[in-house]
Amino acid sequence: MENKNFGELASEESINKAKDALKKNGISVLVAENGADAKLKVLEILPEGVEIMNMSSVTVDSIGLGKEINESGKYNSVRNKFKAMDAKTQGQEMKKLGAAPEWTVGSVHAVTEDGKVIVVSATGSQLPAYAYGSAHVIWIAGSQKIVKDLDEGMKRVQEYVLPLESERAMKAYGKGSSINKILIIDKEVTPNRITMIIVKEKLGF
């Protein structure tokens, strides 16, 4: 069972602490009232026609953003390219496309009040783009993902994210998930590369 304490929305004070600290660490920050507002903010940022990859994310899918990116015809969708490729014969080419799309949209698993970000993954597929490969990264995160520090962030991942993601993966793929690879963003050195949208609504895990 998940530790439900990590599913509680953050206070205004906590949101403001995280917002200020993220900015000091080189990450642009917007605050959205709800999922619909967050989606609108992303679409205002995205130029039409850009190459973009929406990473696997309950948050992104829950606000209809993945559908917009892949089905509106307004963007050069990497996921649409994947549909026309054979994973057995073009697997390495698909990895390259996913590792360095011009734009990436996704989510994270914990944001600390001192401006650090934790992303965990079973395969690591989203991590290259987040860490370095993409020229532009947009993260959408419900404020329940805000924690005090990295120690609490890892506790959140283990006690809250993993049980819920394992349950989702079991339904979708017939097997649970695991924390195999961890990315911690302490600072971003490229100005305006990463934008974090903190949402005052519970989205994703």
# chains A, B, ... in the order shown; residues from 1 in each chain; ligands from 1
>>> residues_around(residues="Arg79 (chain A)", least_positions_apart="4", cutoff="9 Å", atoms="only C-alpha atoms", output="list in words")
Ile52, Met53, Asn54, Met55, Asn70, Lys83 and Gly98 of chain A
>>> write_last_selection(atoms="N, CA and C atoms", output="tab-separated table (two decimals), in the first residue's frame")
chain	number	residue	atom	x	y	z
A	52	ILE	N	8.67	16.98	-31.27
A	52	ILE	CA	8.39	16.84	-29.84
A	52	ILE	C	8.08	15.40	-29.47
A	53	MET	N	8.53	15.04	-28.29
A	53	MET	CA	8.27	13.71	-27.72
A	53	MET	C	7.55	13.89	-26.40
A	54	ASN	N	6.36	13.32	-26.29
A	54	ASN	CA	5.70	13.27	-24.98
A	54	ASN	C	6.09	11.96	-24.32
A	55	MET	N	6.82	12.06	-23.23
A	55	MET	CA	7.27	10.87	-22.51
A	55	MET	C	6.09	10.18	-21.82
A	70	ASN	N	0.04	14.37	-30.39
A	70	ASN	CA	0.14	13.31	-31.39
A	70	ASN	C	-0.97	13.29	-32.44
A	83	LYS	N	5.48	4.75	-34.58
A	83	LYS	CA	4.43	3.86	-35.08
A	83	LYS	C	4.78	3.27	-36.44
A	98	GLY	N	14.30	9.15	-29.46
A	98	GLY	CA	13.74	9.41	-28.14
A	98	GLY	C	14.69	10.09	-27.17
>>> residues_around(residues="Lys23 (chain A)", least_positions_apart="6", cutoff="12 Å", atoms="only C-alpha atoms", output="list in words")
Asn16, Lys17, Val29, Leu30, Glu113, Asp114, Gly115, Lys116, Asp186, Lys187, Glu188, Val189, Pro191, Asn192, Arg193, Ile194, Thr195, Met196 and Ile197 of chain A
>>> atom_distance(atom1="CA of Lys155 (chain A)", atom2="CA of Val119 (chain A)")
12.8 Å
>>> closest_residue(among="A:Ile184, A:Val137, A:Ala122, A:Leu203", to="Ile45 (chain A)", atoms="only C-alpha atoms")
A:Val137
>>> residues_around(residues="Val42 (chain A)", least_positions_apart="6", cutoff="9 Å", atoms="only C-alpha atoms", output="list in words")
Leu65, Val105, Ile138, Ile140 and Ile197 of chain A
>>> select_by_dssp(residues="region 5-105 of chain A", states="helix (DSSP H, G or I)", output="NGL selection string")
:A and (5-7 or 12-24 or 35-45 or 58-62 or 65-71 or 78-83 or 87-99)
>>> residues_around(residues="Lys202 (chain A)", least_positions_apart="4", cutoff="10 Å", atoms="only C-alpha atoms", output="VMD selection string")
chain A and resid 7 to 10 34 to 35 59 141 to 145
>>> write_last_selection(atoms="N, CA and C atoms", output="CSV table (one decimal), in the first residue's frame")
chain,number,residue,atom,x,y,z
A,7,GLY,N,0.5,12.0,-1.1
A,7,GLY,CA,-0.5,12.3,-2.1
A,7,GLY,C,-1.2,13.6,-1.8
A,8,GLU,N,-0.8,14.3,-0.7
A,8,GLU,CA,-1.4,15.5,-0.3
A,8,GLU,C,-0.9,16.7,-1.0
A,9,LEU,N,-1.7,17.6,-1.5
A,9,LEU,CA,-1.3,18.8,-2.2
A,9,LEU,C,-0.4,19.7,-1.2
A,10,ALA,N,0.5,20.4,-1.8
A,10,ALA,CA,1.4,21.2,-1.0
A,10,ALA,C,0.7,22.5,-0.7
A,34,ASN,N,-5.0,24.3,-12.3
A,34,ASN,CA,-5.5,22.9,-12.5
A,34,ASN,C,-4.9,22.4,-13.8
A,35,GLY,N,-5.3,21.1,-14.1
A,35,GLY,CA,-4.8,20.5,-15.2
A,35,GLY,C,-5.1,21.2,-16.5
A,59,THR,N,0.5,11.9,-15.8
A,59,THR,CA,0.1,13.3,-15.7
A,59,THR,C,-0.2,13.9,-17.1
A,141,ALA,N,3.9,19.0,-13.0
A,141,ALA,CA,3.9,18.3,-11.8
A,141,ALA,C,2.8,18.8,-10.8
A,142,GLY,N,1.9,17.9,-10.4
A,142,GLY,CA,1.0,18.3,-9.4
A,142,GLY,C,1.7,18.6,-8.1
A,143,SER,N,1.2,19.6,-7.3
A,143,SER,CA,2.0,20.1,-6.2
A,143,SER,C,2.1,19.0,-5.1
A,144,GLN,N,1.4,17.9,-5.2
A,144,GLN,CA,1.6,16.8,-4.2
A,144,GLN,C,3.0,16.2,-4.3
A,145,LYS,N,3.8,16.6,-5.4
A,145,LYS,CA,5.1,16.0,-5.6
A,145,LYS,C,6.2,16.9,-4.9
>>> closest_residue(among="A:Leu183, A:Val78, A:Ile27, A:Leu43", to="Ala99 (chain A)", atoms="only C-alpha atoms")
A:Val78
>>> select_by_dssp(residues="region 107-175 of chain A", states="strand (DSSP E or B)", output="number ranges by chain")
A: 110-112, 117-121, 136-142, 146-147
>>> write_last_selection(atoms="N, CA and C atoms", output="mmCIF file, in the first residue's frame")
data_model
loop_
_atom_site.group_PDB
_atom_site.id
_atom_site.type_symbol
_atom_site.label_atom_id
_atom_site.label_comp_id
_atom_site.auth_asym_id
_atom_site.auth_seq_id
_atom_site.Cartn_x
_atom_site.Cartn_y
_atom_site.Cartn_z
ATOM 1 N N ALA A 110 9.439 13.857 -7.900
ATOM 2 C CA ALA A 110 9.561 14.662 -6.675
ATOM 3 C C ALA A 110 10.267 15.971 -6.997
ATOM 4 N N VAL A 111 9.796 17.027 -6.334
ATOM 5 C CA VAL A 111 10.406 18.359 -6.443
ATOM 6 C C VAL A 111 10.662 18.834 -5.027
ATOM 7 N N THR A 112 11.897 19.222 -4.739
ATOM 8 C CA THR A 112 12.208 19.610 -3.356
ATOM 9 C C THR A 112 12.041 21.113 -3.148
ATOM 10 N N VAL A 117 15.184 18.138 -8.408
ATOM 11 C CA VAL A 117 14.148 17.345 -9.072
ATOM 12 C C VAL A 117 14.601 15.894 -9.159
ATOM 13 N N ILE A 118 13.681 14.981 -8.845
ATOM 14 C CA ILE A 118 13.965 13.542 -8.941
ATOM 15 C C ILE A 118 13.060 12.913 -9.993
ATOM 16 N N VAL A 119 13.683 12.136 -10.887
ATOM 17 C CA VAL A 119 12.936 11.339 -11.857
ATOM 18 C C VAL A 119 13.452 9.910 -11.757
ATOM 19 N N VAL A 120 12.552 8.963 -11.596
ATOM 20 C CA VAL A 120 12.954 7.558 -11.544
ATOM 21 C C VAL A 120 12.342 6.815 -12.723
ATOM 22 N N SER A 121 12.976 5.701 -13.075
ATOM 23 C CA SER A 121 12.526 4.973 -14.261
ATOM 24 C C SER A 121 12.903 3.505 -14.166
ATOM 25 N N HIS A 136 14.694 21.674 -25.328
ATOM 26 C CA HIS A 136 13.636 22.260 -24.504
ATOM 27 C C HIS A 136 12.895 21.148 -23.769
ATOM 28 N N VAL A 137 12.748 21.301 -22.465
ATOM 29 C CA VAL A 137 12.043 20.317 -21.638
ATOM 30 C C VAL A 137 10.937 21.028 -20.862
ATOM 31 N N ILE A 138 9.736 20.462 -20.914
ATOM 32 C CA ILE A 138 8.627 20.975 -20.105
ATOM 33 C C ILE A 138 8.152 19.857 -19.185
ATOM 34 N N TRP A 139 8.128 20.138 -17.887
ATOM 35 C CA TRP A 139 7.617 19.192 -16.912
ATOM 36 C C TRP A 139 6.329 19.732 -16.303
ATOM 37 N N ILE A 140 5.334 18.870 -16.173
ATOM 38 C CA ILE A 140 4.105 19.221 -15.468
ATOM 39 C C ILE A 140 4.062 18.365 -14.202
ATOM 40 N N ALA A 141 3.887 19.012 -13.045
ATOM 41 C CA ALA A 141 3.890 18.263 -11.790
ATOM 42 C C ALA A 141 2.826 18.789 -10.835
ATOM 43 N N GLY A 142 1.935 17.899 -10.405
ATOM 44 C CA GLY A 142 0.990 18.258 -9.359
ATOM 45 C C GLY A 142 1.744 18.631 -8.097
ATOM 46 N N ILE A 146 5.779 17.958 -4.287
ATOM 47 C CA ILE A 146 6.747 18.797 -3.576
ATOM 48 C C ILE A 146 7.056 18.187 -2.204
ATOM 49 N N VAL A 147 8.347 18.071 -1.937
ATOM 50 C CA VAL A 147 8.827 17.506 -0.667
ATOM 51 C C VAL A 147 9.881 18.431 -0.070
#
>>> closest_residue(among="A:Tyr75, A:Phe82, A:Phe205, A:Tyr173", to="Glu159 (chain A)", atoms="only C-alpha atoms")
A:Phe205
>>> closest_residue(among="A:His109, A:Lys19, A:Val199, A:Lys96", to="Val161 (chain A)", atoms="only C-alpha atoms")
A:His109
>>> closest_residue(among="A:Gly73, A:Glu201, A:Leu40, A:Ile182", to="Gly153 (chain A)", atoms="only C-alpha atoms")
A:Ile182
>>> atom_distance(atom1="CA of Met154 (chain A)", atom2="CA of Glu2 (chain A)")
13.6 Å
>>> closest_residue(among="A:Ala18, A:Ile185, A:Ala87, A:Val31", to="Tyr132 (chain A)", atoms="only C-alpha atoms")
A:Ile185
>>> residues_around(residues="Ala129 (chain A)", least_positions_apart="4", cutoff="6 Å", atoms="only C-alpha atoms", output="ChimeraX atom specification")
/A:99-100,133-134
